[in-house]
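Enquirer: Following this message is one structure expressed as structure tokens.
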Amino acid sequence: MKEKKKPSRDWFQTIWRWHFYAGLFTAPFLIVLAFSGAVYLFKPQIEGVLYQSQFQVQEVMEERLAPSAIVAVAQNRYPEAAITAVKSYEEKDRTVELSVMDGELAKSVYVDPYTGKFQGELVVSDKFTELFKKLHSELIVGGTFANRLVELAACWTIILLATGLYLWWPRTRSGIWGTVLPRVRARGRLFWRDLHAVPAFWFSILILLLIVSGLPWSGVMGGQIDRLANSTHSGYPEYAHSFGEKPESIVRAADAAEDIPWASQNDIMPISGNGYQRLSIDDVDMIASMENVQLPYTISLPAQETGVYTIAASHAAPWDNAALHVDQYSGAVLSDVRFSDYGILAKAITAGIAFHEGRLFGWPNQLLGLLICLAVILLAISSLVMWRKRRPDGLGSPKKPMDRKVSWMVLGIMLIGGLLMPLVGLSILAALVVDAVIIKRIPRVKAWFHGK
């Protein structure tokens with residue numbers, strides 16, 4: 001009588017199939033995302049070298065020009081353009097950066113705050129690190145589809161990590177070899193297997209943290225996270241952005257001002273009261289100082305008569321985050337949201353974003369991020385090498401388990417994950433349809449998938 005397979009083997013076989021398909025889909029994306037992310041981590045250093053003539057003043061002096069004088073320099077240089085924002089840095093030898101809309105072209109303009117010397121311009125979309133930012137978030141091609149594809153790959157990587165840990169978790173004392181510790185004498189496919197499994201074991205938590213901390217910026221999961229923060233009142237309290245009843249616009253803060261922290265991006269902008277004379281940017285800069293807003297911060301100028309000045313700081317340490325909206329006529333602070341006002345979820349997300357961007361704890365954060373990115377690239381490449389070393393005829397996917405109940409149970413678990421990550425759920429349903437309509441019905445396709 002033929003001996004039945006043990007249930008644990010069916011579980012292993014089923015989860016291996018999911019791990020295989022998830023890895024085959026995500027590996028190319030992970031290489032691109034990890035490479036572009038590793039470069040973008042060092043944006044301050046890279047841009048500091050590439051654009052030194054624009055960023056660095058020739059001499060640091062005791063007296064700085066008033067912000068209005070700096071704006072006048074840019075306005076005289078671009079008389080037909082709109083000055084939309086002014087960013088001041090903490091470093092004394094940094095120029096002031098002004099955001100300029102020159103027709104349809106967004107530019108960054110740099111002015112020496114001591115002498116008023118114009119030190120150059122950069123088209124925002126042409127900045128070196130902007131290329132890697134777009135590659136990281138939109139695969140260069142841009143658009144909603146590319147953004148959703150990146151998010152889908154990131155979400156599937158979470159499943160990839162979970163299934164991989166199940167497959168390679170050491171179940172015996174000898175199992176630590178090839179999982180916790182590499183087999184130094186391994187050769188061939190076994191060498192690549194250890195090169196894949198051991199770094200994955202040690203870096204899994206950090207990779208998961210890096211992925212999860214990037215999801216708040218994504219299209220679908222980002223919206224869900226924001227709704228979760230609002231529904232659980234763990235984003236920011238209502239009192240934090242309201243000093244009394246006031247009229248509001250229908251404009252989101254992120255759509256009208258620059259450098260808005262994540263927790264305040266969906267805040268609805270207040271509007272200024274009636275007035276005849278707008279406050280100067282000098283007055284608003286003084287308000288920023290009086291309200292103890294830490295450098296670097298950006299002052300976004302009102303675009304309309306009912307608009308407000310916005311003082312935003314989101315590039316310093318997260319606990320220095322600030323988003324203030326100021327009446328352009330009276331100077332009243334209509335809204336003031338700081339890190340201390342955030343709920344627990346918003347604080348965690350804000351710290352996570354800073355970690356993801358390599359600025360939570362300075363250059364060690366950058367180096368750790370680089371190490372994680374290199375580990376991701378190693379895992380992706382080693383998985384592809386392992387696949388090819390099996391020499392499959394076709395795709396060569398792992399065989400289905402004998403016990404169909406196990407397959408359905410694992411599918412149910414996967415669909416629960418799909419409820420939490422909607423794009424994953426949709427992709428699973430799409431895969432089931434393709435399997436039922438195409439793969440099972442066309443012998444050649446079925447043989448290619450199974451490597452026969």
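Just so we're on the same page: first chain in the structure tokens is A, next is B, and so on; residues restart at 1 for each chain, and ligands are numbered from 1 in the order they show up.
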Determine which residues of range 229-337 of chain A DSSP labels as alpha helix (DSSP H) from the backbone of this structure, then write them out as a list in words.

Expert: Ala229, Asn230, Ser231, Ala253, Ala254, Asp255, Ala256, Ile281, Asp282, Asp283, Val284, Asp285, Met286, Ile287, Ala288, Ser289 and Met290 of chain A

Enquirer: Using only C-alpha atoms, which residues sit within 10 Å of His356 in chain A once same-chain residues fewer than 2 positions away are excluded, as a PyMOL selection string?

Expert: chain A and resi 37+41+209-214+350-354+358-360+365-366+369

Enquirer: Sort by chain and increasing residue number a table of all residues of range 42-96 of chain A within 10 Å of range 312-331 of chain A, each with its closest pair of atoms and their distance in Å to one decimal, counting only C-alpha atoms, and write it as CSV.

Expert:
residue,atom,partner,partner_atom,distance
A:Lys87,CA,A:Ala312,CA,9.3
A:Tyr89,CA,A:Ala316,CA,9.8
A:Glu90,CA,A:Ala316,CA,9.3

Enquirer: At a cut-off of 9 Å, can you tabulate as JSON lines every residue of range 9-82 of chain A near range 125-141 of chain A together with its closest atom pair and the distance in Å to one decimal, using only C-alpha atoms and ordering rows by chain then number?

Expert:
{"residue": "A:Phe29", "atom": "CA", "partner": "A:Leu139", "partner_atom": "CA", "distance": 8.9}
{"residue": "A:Val32", "atom": "CA", "partner": "A:His136", "partner_atom": "CA", "distance": 7.2}
{"residue": "A:Leu33", "atom": "CA", "partner": "A:His136", "partner_atom": "CA", "distance": 5.2}
{"residue": "A:Ala34", "atom": "CA", "partner": "A:His136", "partner_atom": "CA", "distance": 8.1}
{"residue": "A:Phe35", "atom": "CA", "partner": "A:His136", "partner_atom": "CA", "distance": 8.4}
{"residue": "A:Ser36", "atom": "CA", "partner": "A:Phe132", "partner_atom": "CA", "distance": 5.1}
{"residue": "A:Gly37", "atom": "CA", "partner": "A:His136", "partner_atom": "CA", "distance": 6.3}
{"residue": "A:Val39", "atom": "CA", "partner": "A:Phe132", "partner_atom": "CA", "distance": 7.1}
{"residue": "A:Tyr40", "atom": "CA", "partner": "A:Thr129", "partner_atom": "CA", "distance": 6.1}
{"residue": "A:Phe42", "atom": "CA", "partner": "A:Thr129", "partner_atom": "CA", "distance": 9.0}
{"residue": "A:Lys43", "atom": "CA", "partner": "A:Thr129", "partner_atom": "CA", "distance": 6.3}
{"residue": "A:Ile46", "atom": "CA", "partner": "A:Thr129", "partner_atom": "CA", "distance": 8.0}
{"residue": "A:Glu47", "atom": "CA", "partner": "A:Thr129", "partner_atom": "CA", "distance": 7.5}
{"residue": "A:Leu50", "atom": "CA", "partner": "A:Phe128", "partner_atom": "CA", "distance": 8.4}

Enquirer: Any idea what's packed within 8 Å of Leu122 in chain A, counting only C-alpha atoms, ignoring anything in its chain fewer than 2 positions away? Could you give it as a count of residues only?

Expert: 7

Enquirer: I'd like the contact shell of Val410 in chain A - 12 Å cut-off, only C-alpha atoms, skipping same-chain residues fewer than 6 positions apart - returned as a PyMOL selection string.

Expert: chain A and resi 10-19+163+401+403-404+416-417

Enquirer: Output N, CA and C atoms for every residue in that selection, as a short mmCIF file (atom, residue, chain, number, x, y, z; two decimals), in the first residue's frame.

Expert:
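Below is the file again-v7.cif, written as the result:
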data_model
loop_
_atom_site.label_atom_id
_atom_site.label_comp_id
_atom_site.auth_asym_id
_atom_site.auth_seq_id
_atom_site.Cartn_x
_atom_site.Cartn_y
_atom_site.Cartn_z
N ASP A 10 3.04 18.64 2.38
CA ASP A 10 2.08 19.33 1.51
C ASP A 10 2.07 20.83 1.79
N TRP A 11 2.15 21.16 3.08
CA TRP A 11 2.24 22.58 3.43
C TRP A 11 3.50 23.19 2.84
N PHE A 12 4.62 22.49 2.99
CA PHE A 12 5.88 22.99 2.45
C PHE A 12 5.78 23.19 0.95
N GLN A 13 5.22 22.19 0.24
CA GLN A 13 5.11 22.26 -1.21
C GLN A 13 4.22 23.42 -1.65
N THR A 14 3.11 23.60 -0.96
CA THR A 14 2.17 24.68 -1.32
C THR A 14 2.79 26.05 -1.10
N ILE A 15 3.41 26.22 0.06
CA ILE A 15 4.01 27.52 0.36
C ILE A 15 5.21 27.79 -0.54
N TRP A 16 5.93 26.75 -0.92
CA TRP A 16 7.03 26.91 -1.86
C TRP A 16 6.53 27.43 -3.20
N ARG A 17 5.39 26.93 -3.64
CA ARG A 17 4.82 27.41 -4.92
C ARG A 17 4.51 28.90 -4.85
N TRP A 18 3.89 29.32 -3.74
CA TRP A 18 3.59 30.75 -3.58
C TRP A 18 4.87 31.57 -3.52
N HIS A 19 5.85 31.06 -2.79
CA HIS A 19 7.13 31.76 -2.68
C HIS A 19 7.81 31.87 -4.04
N THR A 163 6.64 33.74 3.58
CA THR A 163 6.76 32.37 3.06
C THR A 163 8.20 31.88 3.13
N PRO A 401 0.81 20.23 -4.42
CA PRO A 401 0.78 19.18 -3.38
C PRO A 401 -0.31 18.16 -3.67
N ASP A 403 -2.38 16.89 -1.40
CA ASP A 403 -3.57 17.21 -0.60
C ASP A 403 -4.17 18.54 -1.05
N ARG A 404 -5.31 18.48 -1.71
CA ARG A 404 -5.96 19.70 -2.22
C ARG A 404 -6.46 20.59 -1.09
N ILE A 416 -6.90 36.34 2.78
CA ILE A 416 -7.02 37.22 3.96
C ILE A 416 -5.97 38.32 3.87
N GLY A 417 -4.74 37.93 3.47
CA GLY A 417 -3.71 38.94 3.23
C GLY A 417 -4.11 39.90 2.13
#

Enquirer: Between CA of Gly418 in chain A and CA of Trp169 in chain A, what is the distance, to one decimal in Å?

Expert: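 Distance reported for this atom pair: 23.9 Å.
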
Enquirer: Check the DSSP output for the backbone and give back, as a PyMOL selection string, the residues of range 97-311 of chain A in strand (DSSP E or B).

Expert: chain A and resi 97-102+105-111+118-123+177+181+248-252+268-270+297-300+308-311

Enquirer: Just write the chosen residues, N, CA, C and O atoms, as a compact mmCIF listing (two decimals), in the first residue's frame.

Expert:
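Final file, result.txt:
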# COMPACT_ATOMS: atom_id res chain seq x y z
N GLU A 97 16.89 78.71 -1.02
CA GLU A 97 16.29 78.07 -2.21
C GLU A 97 14.87 78.60 -2.42
O GLU A 97 14.05 78.56 -1.50
N LEU A 98 14.61 79.09 -3.62
CA LEU A 98 13.28 79.61 -3.94
C LEU A 98 12.64 78.73 -5.02
O LEU A 98 13.30 78.34 -5.99
N SER A 99 11.38 78.42 -4.84
CA SER A 99 10.63 77.67 -5.84
C SER A 99 9.98 78.66 -6.80
O SER A 99 9.26 79.57 -6.36
N VAL A 100 10.24 78.48 -8.08
CA VAL A 100 9.78 79.43 -9.10
C VAL A 100 9.03 78.68 -10.19
O VAL A 100 9.52 77.66 -10.69
N MET A 101 7.84 79.17 -10.51
CA MET A 101 7.09 78.62 -11.65
C MET A 101 7.30 79.56 -12.83
O MET A 101 6.70 80.63 -12.92
N ASP A 102 8.19 79.16 -13.72
CA ASP A 102 8.52 79.96 -14.91
C ASP A 102 7.72 79.41 -16.07
O ASP A 102 8.16 78.51 -16.78
N LEU A 105 7.29 75.55 -16.27
CA LEU A 105 8.51 74.90 -15.81
C LEU A 105 8.77 75.23 -14.35
O LEU A 105 8.88 76.40 -13.97
N ALA A 106 8.87 74.18 -13.52
CA ALA A 106 9.18 74.36 -12.10
C ALA A 106 10.70 74.41 -11.93
O ALA A 106 11.41 73.51 -12.35
N LYS A 107 11.19 75.46 -11.28
CA LYS A 107 12.63 75.65 -11.09
C LYS A 107 12.96 75.88 -9.62
O LYS A 107 12.12 76.39 -8.87
N SER A 108 14.18 75.50 -9.26
CA SER A 108 14.73 75.87 -7.96
C SER A 108 15.80 76.94 -8.22
O SER A 108 16.72 76.72 -9.01
N VAL A 109 15.66 78.07 -7.55
CA VAL A 109 16.57 79.21 -7.75
C VAL A 109 17.33 79.44 -6.45
O VAL A 109 16.75 79.36 -5.35
N TYR A 110 18.62 79.74 -6.55
CA TYR A 110 19.47 79.84 -5.37
C TYR A 110 20.09 81.23 -5.26
O TYR A 110 20.66 81.75 -6.23
N VAL A 111 19.96 81.81 -4.07
CA VAL A 111 20.42 83.18 -3.82
C VAL A 111 21.27 83.20 -2.55
O VAL A 111 20.89 82.61 -1.52
N PHE A 118 22.78 86.08 -7.20
CA PHE A 118 22.08 84.97 -7.83
C PHE A 118 23.12 83.88 -8.14
O PHE A 118 24.10 84.10 -8.83
N GLN A 119 22.91 82.67 -7.62
CA GLN A 119 23.91 81.61 -7.78
C GLN A 119 23.46 80.47 -8.68
O GLN A 119 24.11 79.42 -8.70
N GLY A 120 22.39 80.68 -9.41
CA GLY A 120 22.02 79.68 -10.41
C GLY A 120 20.63 79.13 -10.21
O GLY A 120 19.93 79.44 -9.25
N GLU A 121 20.25 78.30 -11.15
CA GLU A 121 18.93 77.67 -11.13
C GLU A 121 19.07 76.20 -11.50
O GLU A 121 20.05 75.78 -12.13
N LEU A 122 18.08 75.41 -11.13
CA LEU A 122 17.99 74.01 -11.52
C LEU A 122 16.54 73.72 -11.87
O LEU A 122 15.63 74.09 -11.11
N VAL A 123 16.32 73.11 -13.01
CA VAL A 123 14.97 72.64 -13.34
C VAL A 123 14.69 71.43 -12.46
O VAL A 123 15.48 70.47 -12.43
N TRP A 177 22.50 25.45 9.81
CA TRP A 177 23.43 25.57 8.68
C TRP A 177 22.64 25.74 7.40
O TRP A 177 21.76 24.96 7.07
N LEU A 181 23.48 30.22 9.64
CA LEU A 181 24.90 30.30 9.27
C LEU A 181 25.11 29.65 7.91
O LEU A 181 24.47 28.64 7.59
N GLU A 248 -12.98 77.39 5.86
CA GLU A 248 -11.99 76.53 5.25
C GLU A 248 -12.19 76.47 3.75
O GLU A 248 -13.30 76.69 3.25
N SER A 249 -11.12 76.18 3.05
CA SER A 249 -11.20 76.01 1.60
C SER A 249 -11.50 74.54 1.31
O SER A 249 -11.82 73.76 2.21
N ILE A 250 -11.37 74.14 0.06
CA ILE A 250 -11.53 72.73 -0.30
C ILE A 250 -10.20 72.17 -0.78
O ILE A 250 -10.14 71.12 -1.42
N VAL A 251 -9.12 72.86 -0.44
CA VAL A 251 -7.79 72.51 -0.93
C VAL A 251 -7.01 71.75 0.13
O VAL A 251 -6.97 72.16 1.30
N ARG A 252 -6.41 70.61 -0.26
CA ARG A 252 -5.54 69.87 0.63
C ARG A 252 -4.21 70.62 0.81
O ARG A 252 -3.74 71.28 -0.10
N ILE A 268 -7.29 70.07 5.45
CA ILE A 268 -7.92 71.06 4.59
C ILE A 268 -7.43 72.46 4.97
O ILE A 268 -7.45 72.83 6.14
N MET A 269 -6.97 73.19 3.95
CA MET A 269 -6.39 74.51 4.21
C MET A 269 -7.44 75.49 4.72
O MET A 269 -8.55 75.55 4.20
N PRO A 270 -7.10 76.28 5.75
CA PRO A 270 -7.97 77.39 6.13
C PRO A 270 -7.83 78.51 5.11
O PRO A 270 -6.99 78.45 4.22
N TYR A 297 13.14 75.10 7.17
CA TYR A 297 11.70 75.18 6.95
C TYR A 297 11.42 75.94 5.65
O TYR A 297 12.27 76.68 5.14
N THR A 298 10.22 75.71 5.14
CA THR A 298 9.80 76.31 3.88
C THR A 298 8.58 77.19 4.12
O THR A 298 7.64 76.76 4.81
N ILE A 299 8.61 78.39 3.57
CA ILE A 299 7.45 79.27 3.61
C ILE A 299 6.83 79.28 2.23
O ILE A 299 7.46 79.74 1.26
N SER A 300 5.61 78.75 2.12
CA SER A 300 4.89 78.77 0.85
C SER A 300 3.99 79.99 0.82
O SER A 300 3.26 80.26 1.78
N VAL A 308 -3.36 81.38 2.28
CA VAL A 308 -2.61 81.60 3.52
C VAL A 308 -1.12 81.36 3.25
O VAL A 308 -0.73 80.70 2.29
N TYR A 309 -0.31 81.91 4.12
CA TYR A 309 1.10 81.52 4.17
C TYR A 309 1.18 80.18 4.90
O TYR A 309 0.47 79.96 5.89
N THR A 310 2.03 79.30 4.42
CA THR A 310 2.23 78.02 5.11
C THR A 310 3.71 77.88 5.47
O THR A 310 4.59 78.03 4.62
N ILE A 311 3.95 77.63 6.75
CA ILE A 311 5.31 77.38 7.24
C ILE A 311 5.40 75.87 7.50
O ILE A 311 4.65 75.35 8.32

Enquirer: When you look at Ala229 in chain A with a cut-off of 12 Å (counting only C-alpha atoms), what residues show up, excluding the ones that are within fewer than 3 positions of it in the same chain? I need them as a list in words.

Expert: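 Selected residues are Pro216, Gly222, Gly223, Gln224, Ile225, Asp226, Thr232, His233, Ser234, Gly235, Tyr236, Pro237, Trp262, Ala263, Ser264, Asn266, Tyr342, Gly343, Ile344, Leu345, Ala346, Lys347, Ala348 and Ile349 of chain A.
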
Enquirer: Determine the nearest neighbour of Ile428 in chain A from the options A:Leu206, A:Leu152, A:Val96, A:Leu279, counting only C-alpha atoms.

Expert: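 Of the candidates, the smallest distance to Ile428 in chain A is held by A:Leu152.
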
Enquirer: In Å, rounded to a single decimal, give me how far CA of Leu24 in chain A is from CA of Ser407 in chain A.

Expert: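 About the pair CA of Ser407 in chain A and CA of Leu24 in chain A: they are 19.6 Å apart.
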